[in-house]
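Presented below is the structure to which this report refers.
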Number of protein chains: 2
Amino acid sequence: MKVSELGEFGLIELIHTSIARRCDMRSTAWQEVIVGIGDDAAAWQSADETQLATTDTMVQDIHFNPDIISWEELGWKALAVNLSDIAAMGGIPKYALLSLSLPGDLDVEAISQFCDGMVGLAKQFGVAMIGGNVSASPNVVITLTLIGCCEDGRMLRRSTASPGELIAVTGCLGTSAAGLEMLSSKAVPDRETATVLRQSHVKPTPRIAEGQILVEQGVKTAIDISDGLVNDLDHVCQSSRVNARIEAELLPVHSAVAVLFPNHLDLALCGGEDYELLFTADEATTARVKLALACPVTVIGKITEEKPATRVTVVNTQGELITCSKGGWEHFRNEFANTGFTQP
Amino acid sequence: MKVSELGEFGLIELIHTSIARRCDMRSTAWQEVIVGIGDDAAAWQSADETQLATTDTMVQDIHFNPDIISWEELGWKALAVNLSDIAAMGGIPKYALLSLSLPGDLDVEAISQFCDGMVGLAKQFGVAMIGGNVSASPNVVITLTLIGCCEDGRMLRRSTASPGELIAVTGCLGTSAAGLEMLSSKAVPDRETATVLRQSHVKPTPRIAEGQILVEQGVKTAIDISDGLVNDLDHVCQSSRVNARIEAELLPVHSAVAVLFPNHLDLALCGGEDYELLFTADEATTARVKLALACPVTVIGKITEEKPATRVTVVNTQGELITCSKGGWEHFRNEFANTGFTQP
């Protein structure tokens, strides 16, 4: 079987199984692991706190097009996507390692700009860039690993959602995918809208403070929306052994996206890379979170009992099912699955 | 200027400078950093111990040729090269994150074998594989990040070599490069030799226990030989602001390599990927290390005062200089520089 047939999530499952089958969990390191493969970040216990680590890769022409994103923006984004994973655990980001694989004919100035963008964001969150690796490669591949921490075991997980809990998200959904559509099609909306869409796609701001506030307010379950709402909520459902029901009309969509993009529902449901946080909590906790967070918080649905049917269902105002044949951004199998939604 | 003109070490310097210029070192994370960019691993202080982290990337057709190395060996090697960096700090390896970028048409079986190789080695050193990332890519790119620790500040550095100290290495040099030459040319020596050469290149054993014993015996300075002896010793000299003098006839070369490879001196001086440890120490400490280590330890030269001349000089039995125009394996600029040595 080919990797493309197995798909990204199947591949992760294969790696997980291969490791679990052969590893020896009696070692000190394994004994200290709290969260292994399958959450936004891994976690292990050290003397006085819980340590977190996550890694993310951006491949030229797969994750980014150098004609669309500047090197400075790319440096920012490479760190931002990792910060978002630490945010989804409610953690504090601390140390970063950068691995850059580059073609020899790349202009050195590109790397200066890349570092400027990365360090600009690192500064905002007090992240120390402590090491890395450079190597030659036919195309640009950027892997960044971020290490962080949180108070003893006080973190957000994917596996703790319960039936009856509300599902809520920070900010707006689909803005990044709309930004990518705008940048790819060279469509020119008004300047202000163009800036919002572009920033959302190329310079997302990770929800670090928001993740920590979720923990403080008693939220247990969260994920960042990187693969698209339906996909990421599906991860939560799979991990927590629950189902979820989303009401399409509740989805927070930026007014400009709603006006300019006829496919804004697809973008909000399946467009990846919003780097907003999705969390589940009871009504009282959700109400406290709304008061505590400066950004918009929107309830978009509910966690339900696990049933053998589709884990994530989306309904329209009439309560009719919007079936989702493909959930979002998955590597190997497809591009954005923005044709995967059919309204009955 | 192009990246290829700047070279690998110039690029690392550029990244280092770009980060140092713009970062804000007043953050908690930066305050805790003990070793930043420029050693085998980065180090920072946590409550009760020193944490270490390193990352290394292997790119298809740059670092490995899938026709020469099996997927199982590749998994082993991806972890081994990182373990070697922790060994060079005298540290204990603990947690690993794997980032795999793969073409969709790759056979899934390759990934199972890759994991088997990686986990096989992880088991030997008690390493927990705790997370990672998968993504599509036109060619295979493997980045592994390894986190470890050592007792409070008790680690090996590149920057602490002093004039008068002996330079010593573990094991043999040039065996891995000889293995690569054998595998590339499809030359067939006797079976036993072929196994030694192949293993050395595709399944190196990192010197984890040896690194820890170096620390226990009072050694302060070490590096692992990944870029080739001259290159890596040059890193130590640059970091420590000293020079070094190597006696070519002292270099430990495997008897089969000495017999079968007329260029064995080049391989020992410039062939990378031996993953042996080079250390510097006074005579008494070196003698203790020789007794404490089970593997061969060979004194190959001496650290001298810093002078503006070449940092690393190599002399033959007559005391004549062997000039080294190119020190080993450097990305972007060249392939193995095994033509760079000229005897006067």
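Letters A, B, ... go to the chains of the structure tokens in the order shown; residues in each chain start at 1; ligands are counted from 1 in the same order.
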**Study point:** Residues of chain B within 6 Å of chain A, counting only C-alpha atoms, as a PyMOL selection string
**Key:** chain B and resi 1-4+23-24+27+29-30+36-37+42+55-56+94+104-108+119+123+126+128+130-133+135-136+331-332
Would you mind exporting the chosen residues as an mmCIF file, in the first residue's frame, restricted to N, CA and C atoms?
```cif
data_model
loop_
_atom_site.group_PDB
_atom_site.id
_atom_site.type_symbol
_atom_site.label_atom_id
_atom_site.label_comp_id
_atom_site.auth_asym_id
_atom_site.auth_seq_id
_atom_site.Cartn_x
_atom_site.Cartn_y
_atom_site.Cartn_z
ATOM 1 N N MET B 1 24.052 37.259 -2.375
ATOM 2 C CA MET B 1 24.891 36.053 -2.259
ATOM 3 C C MET B 1 24.021 34.808 -2.102
ATOM 4 N N LYS B 2 24.484 33.722 -2.680
ATOM 5 C CA LYS B 2 23.718 32.481 -2.572
ATOM 6 C C LYS B 2 24.152 31.683 -1.338
ATOM 7 N N VAL B 3 23.242 30.858 -0.850
ATOM 8 C CA VAL B 3 23.526 29.999 0.290
ATOM 9 C C VAL B 3 24.747 29.124 0.008
ATOM 10 N N SER B 4 24.878 28.644 -1.237
ATOM 11 C CA SER B 4 26.004 27.771 -1.590
ATOM 12 C C SER B 4 27.340 28.503 -1.488
ATOM 13 N N CYS B 23 16.749 39.202 19.223
ATOM 14 C CA CYS B 23 16.000 38.574 20.316
ATOM 15 C C CYS B 23 16.068 39.406 21.595
ATOM 16 N N ASP B 24 15.176 39.096 22.514
ATOM 17 C CA ASP B 24 15.153 39.792 23.799
ATOM 18 C C ASP B 24 15.558 38.795 24.875
ATOM 19 N N SER B 27 13.864 37.431 28.670
ATOM 20 C CA SER B 27 12.775 36.500 28.997
ATOM 21 C C SER B 27 13.300 35.382 29.893
ATOM 22 N N ALA B 29 12.959 32.214 29.634
ATOM 23 C CA ALA B 29 13.573 31.127 28.859
ATOM 24 C C ALA B 29 15.029 31.475 28.524
ATOM 25 N N TRP B 30 15.258 32.670 27.993
ATOM 26 C CA TRP B 30 16.623 33.060 27.628
ATOM 27 C C TRP B 30 17.537 33.071 28.858
ATOM 28 N N GLY B 36 23.673 27.909 23.930
ATOM 29 C CA GLY B 36 22.788 28.193 22.801
ATOM 30 C C GLY B 36 23.361 27.604 21.519
ATOM 31 N N ILE B 37 23.113 28.260 20.409
ATOM 32 C CA ILE B 37 23.594 27.799 19.107
ATOM 33 C C ILE B 37 25.119 27.653 19.118
ATOM 34 N N ALA B 42 21.912 22.105 22.585
ATOM 35 C CA ALA B 42 21.629 23.276 23.416
ATOM 36 C C ALA B 42 21.361 22.794 24.833
ATOM 37 N N THR B 55 18.782 18.628 17.317
ATOM 38 C CA THR B 55 17.952 18.205 16.194
ATOM 39 C C THR B 55 18.839 17.969 14.982
ATOM 40 N N ASP B 56 18.483 16.990 14.175
ATOM 41 C CA ASP B 56 19.281 16.672 12.998
ATOM 42 C C ASP B 56 18.362 16.212 11.875
ATOM 43 N N LYS B 94 16.582 11.169 26.407
ATOM 44 C CA LYS B 94 15.298 10.786 27.012
ATOM 45 C C LYS B 94 14.110 10.760 26.041
ATOM 46 N N GLY B 104 3.965 10.748 -1.533
ATOM 47 C CA GLY B 104 2.765 9.920 -1.404
ATOM 48 C C GLY B 104 2.905 8.531 -1.991
ATOM 49 N N ASP B 105 3.813 8.354 -2.974
ATOM 50 C CA ASP B 105 3.914 7.036 -3.620
ATOM 51 C C ASP B 105 4.873 6.083 -2.906
ATOM 52 N N LEU B 106 5.350 6.500 -1.736
ATOM 53 C CA LEU B 106 6.222 5.620 -0.954
ATOM 54 C C LEU B 106 5.402 4.457 -0.396
ATOM 55 N N ASP B 107 6.030 3.279 -0.335
ATOM 56 C CA ASP B 107 5.349 2.108 0.204
ATOM 57 C C ASP B 107 5.247 2.219 1.728
ATOM 58 N N VAL B 108 4.068 1.931 2.256
ATOM 59 C CA VAL B 108 3.816 2.014 3.694
ATOM 60 C C VAL B 108 4.767 1.113 4.484
ATOM 61 N N VAL B 119 13.034 2.398 16.724
ATOM 62 C CA VAL B 119 12.643 1.917 18.055
ATOM 63 C C VAL B 119 13.662 0.914 18.590
ATOM 64 N N LYS B 123 15.196 1.685 22.212
ATOM 65 C CA LYS B 123 15.130 0.716 23.310
ATOM 66 C C LYS B 123 16.472 0.575 24.028
ATOM 67 N N GLY B 126 16.835 3.588 26.205
ATOM 68 C CA GLY B 126 15.690 3.998 27.034
ATOM 69 C C GLY B 126 14.994 5.255 26.549
ATOM 70 N N ALA B 128 12.225 7.548 24.867
ATOM 71 C CA ALA B 128 10.779 7.501 24.615
ATOM 72 C C ALA B 128 10.457 8.323 23.378
ATOM 73 N N ILE B 130 7.938 10.272 21.694
ATOM 74 C CA ILE B 130 6.717 10.852 22.268
ATOM 75 C C ILE B 130 5.855 11.651 21.301
ATOM 76 N N GLY B 131 6.351 11.900 20.091
ATOM 77 C CA GLY B 131 5.500 12.678 19.187
ATOM 78 C C GLY B 131 6.199 12.964 17.888
ATOM 79 N N GLY B 132 5.567 13.787 17.071
ATOM 80 C CA GLY B 132 6.174 14.127 15.803
ATOM 81 C C GLY B 132 5.187 14.738 14.848
ATOM 82 N N ASN B 133 5.482 14.573 13.598
ATOM 83 C CA ASN B 133 4.707 15.209 12.542
ATOM 84 C C ASN B 133 4.918 14.436 11.250
ATOM 85 N N SER B 135 4.170 14.845 6.938
ATOM 86 C CA SER B 135 3.652 15.704 5.876
ATOM 87 C C SER B 135 4.119 15.190 4.528
ATOM 88 N N ALA B 136 3.425 15.632 3.499
ATOM 89 C CA ALA B 136 3.797 15.255 2.140
ATOM 90 C C ALA B 136 5.014 16.071 1.715
ATOM 91 N N HIS B 331 27.783 21.117 3.967
ATOM 92 C CA HIS B 331 26.651 21.220 3.056
ATOM 93 C C HIS B 331 26.774 22.430 2.158
ATOM 94 N N PHE B 332 26.114 22.362 1.031
ATOM 95 C CA PHE B 332 25.998 23.428 0.048
ATOM 96 C C PHE B 332 27.243 23.566 -0.828
#
```
**Study point:** Non-local contacts of Thr285 in chain A (7 Å; only C-alpha atoms; under 2 positions in same chain excluded) as a list in words
**Key:** Gln217, Gly218, Val219, Ala281, Asp282, Glu283, Ala287, Arg288 and Val289 of chain A
Residues flagged alpha helix (DSSP H) by DSSP in range 60-199 of chain A, as an mmCIF file with C-alpha atoms, in the first residue's frame:
```
data_model
loop_
_atom_site.group_PDB
_atom_site.id
_atom_site.type_symbol
_atom_site.label_atom_id
_atom_site.label_comp_id
_atom_site.auth_asym_id
_atom_site.auth_seq_id
_atom_site.Cartn_x
_atom_site.Cartn_y
_atom_site.Cartn_z
ATOM 1 C CA TRP A 71 10.449 34.902 3.890
ATOM 2 C CA GLU A 72 9.805 37.118 6.884
ATOM 3 C CA GLU A 73 6.208 35.849 7.035
ATOM 4 C CA LEU A 74 7.423 32.267 6.621
ATOM 5 C CA GLY A 75 9.739 32.636 9.630
ATOM 6 C CA TRP A 76 6.845 33.975 11.670
ATOM 7 C CA LYS A 77 4.493 31.221 10.552
ATOM 8 C CA ALA A 78 6.978 28.376 11.156
ATOM 9 C CA LEU A 79 7.101 29.385 14.809
ATOM 10 C CA ALA A 80 3.409 30.358 15.013
ATOM 11 C CA VAL A 81 2.127 26.910 14.039
ATOM 12 C CA ASN A 82 4.199 25.351 16.815
ATOM 13 C CA LEU A 83 3.185 28.005 19.338
ATOM 14 C CA SER A 84 -0.410 27.159 18.471
ATOM 15 C CA ASP A 85 0.170 23.538 19.530
ATOM 16 C CA ILE A 86 1.547 24.694 22.883
ATOM 17 C CA ALA A 87 -1.464 27.063 23.172
ATOM 18 C CA VAL A 108 21.154 34.436 1.701
ATOM 19 C CA GLU A 109 18.963 37.504 2.253
ATOM 20 C CA ALA A 110 15.930 35.170 2.371
ATOM 21 C CA ILE A 111 17.376 33.501 5.474
ATOM 22 C CA SER A 112 18.001 36.835 7.204
ATOM 23 C CA GLN A 113 14.393 37.784 6.582
ATOM 24 C CA PHE A 114 13.186 34.360 7.712
ATOM 25 C CA CYS A 115 15.074 34.762 11.002
ATOM 26 C CA ASP A 116 13.725 38.298 11.458
ATOM 27 C CA GLY A 117 10.152 37.039 11.167
ATOM 28 C CA MET A 118 10.767 34.109 13.476
ATOM 29 C CA VAL A 119 12.574 36.162 16.123
ATOM 30 C CA GLY A 120 9.930 38.897 15.903
ATOM 31 C CA LEU A 121 7.310 36.390 17.046
ATOM 32 C CA ALA A 122 9.669 34.615 19.482
ATOM 33 C CA LYS A 123 10.175 37.950 21.253
ATOM 34 C CA GLN A 124 6.437 38.403 21.765
ATOM 35 C CA THR A 175 -10.285 33.451 7.368
ATOM 36 C CA SER A 176 -6.924 31.815 6.696
ATOM 37 C CA ALA A 177 -8.318 29.649 3.887
ATOM 38 C CA ALA A 178 -10.039 32.734 2.455
ATOM 39 C CA GLY A 179 -6.677 34.506 2.632
ATOM 40 C CA LEU A 180 -5.047 31.664 0.727
ATOM 41 C CA GLU A 181 -7.784 31.775 -1.936
ATOM 42 C CA MET A 182 -7.315 35.533 -2.260
ATOM 43 C CA LEU A 183 -3.519 35.264 -2.495
ATOM 44 C CA SER A 184 -3.661 32.356 -4.960
ATOM 45 C CA SER A 185 -6.249 33.946 -7.238
ATOM 46 C CA ARG A 191 -7.226 47.188 1.316
ATOM 47 C CA GLU A 192 -8.423 46.644 4.870
ATOM 48 C CA THR A 193 -10.022 43.298 4.040
ATOM 49 C CA ALA A 194 -6.955 42.236 2.055
ATOM 50 C CA THR A 195 -4.761 42.948 5.080
ATOM 51 C CA VAL A 196 -7.008 40.962 7.432
ATOM 52 C CA LEU A 197 -7.117 37.967 5.057
ATOM 53 C CA ARG A 198 -3.414 38.047 4.285
ATOM 54 C CA GLN A 199 -2.390 38.378 7.943
#
```
Exercise for review: Could you give me, as a PyMOL selection string, the residues within 8 Å of Thr205 in chain B, counting only C-alpha atoms and dropping anything in the same chain fewer than 2 positions from it?
Suggested key: chain B and resi 80+200+203+207+275
Review point. Which residue out of B:Met89, B:Val140, B:Cys149, B:Asp274 has the minimum interatomic distance to Phe64 in chain B when only C-alpha atoms are used?
Key: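 Under the stated criterion, the closest residue is B:Val140.
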Near range 220-228 of chain B, counting only C-alpha atoms, which residues have an atom at most 6 Å away, once you skip same-chain residues fewer than 6 positions from it, shown as an mmCIF file with C-alpha atoms, in the first residue's frame?
```
data_model
loop_
_atom_site.group_PDB
_atom_site.id
_atom_site.type_symbol
_atom_site.label_atom_id
_atom_site.label_comp_id
_atom_site.auth_asym_id
_atom_site.auth_seq_id
_atom_site.Cartn_x
_atom_site.Cartn_y
_atom_site.Cartn_z
ATOM 1 C CA ALA B 88 29.083 14.635 22.829
ATOM 2 C CA LEU B 156 31.073 18.423 27.737
ATOM 3 C CA ARG B 157 31.539 21.594 25.716
ATOM 4 C CA ARG B 158 33.324 22.666 22.548
ATOM 5 C CA THR B 160 36.792 24.685 26.925
ATOM 6 C CA ALA B 161 39.923 23.255 25.240
ATOM 7 C CA CYS B 270 37.761 14.243 6.294
ATOM 8 C CA GLY B 271 35.309 11.383 6.035
ATOM 9 C CA GLY B 272 32.329 12.346 8.097
ATOM 10 C CA GLU B 273 29.791 10.311 10.035
ATOM 11 C CA ASP B 274 32.114 8.291 12.225
ATOM 12 C CA TYR B 275 30.096 9.378 15.296
ATOM 13 C CA GLU B 276 33.097 8.773 17.480
ATOM 14 C CA LEU B 277 33.908 11.230 20.274
ATOM 15 C CA LEU B 278 36.872 13.583 20.124
ATOM 16 C CA PHE B 279 37.950 15.019 23.463
ATOM 17 C CA THR B 280 40.761 17.094 24.877
ATOM 18 C CA GLY B 328 35.382 17.511 5.345
ATOM 19 C CA TRP B 329 31.701 17.336 4.840
#
```
Practice item. Mind listing the strand (DSSP E) residues of range 69-236 of chain A, per DSSP on the backbone, as number ranges by chain? Key: A: 92-102, 128-136, 141-150, 166-170, 221-224
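Computed from the coordinates, the CA of Lys290 in chain A to CA of Glu216 in chain A distance equals 12.8 Å.
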Practice item. Quote the spacing between CA of Val253 in chain A and CA of Ser240 in chain A in Å to one decimal place. Key: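 Atom-to-atom, CA of Val253 in chain A and CA of Ser240 in chain A are spaced 26.9 Å apart.
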Practice item. Pick out the closest residue to Leu267 in chain B from this set: B:Arg154, B:Leu173, B:Ile92, B:Thr310. Count only C-alpha atoms. Key: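 Among the listed residues, the smallest separation from Leu267 in chain B belongs to B:Leu173.
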Check your understanding: Excluding same-chain residues fewer than 5 positions from Gly164 in chain B, what lies within 12 Å of it counting only C-alpha atoms, as a list in words?
Key ->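 Those residues are Val242, Asn243, Ala244, Arg245, Thr280, Ala281, Asp282, Glu283, Gly301, Lys302, Ile303, Thr304, Glu305 and Glu306 of chain B.
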Practice item. Tell me, in Å to one decimal, how far CA of Glu249 in chain A is from CA of Leu269 in chain A. Key: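 Result for CA of Glu249 in chain A versus CA of Leu269 in chain A: 11.3 Å, one decimal.
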Check your understanding: Taking only C-alpha atoms into account, which of A:Leu321, A:Ala294, A:Ile300, A:Leu251 comes nearest Ala168 in chain A?
Key -> A:Ile300
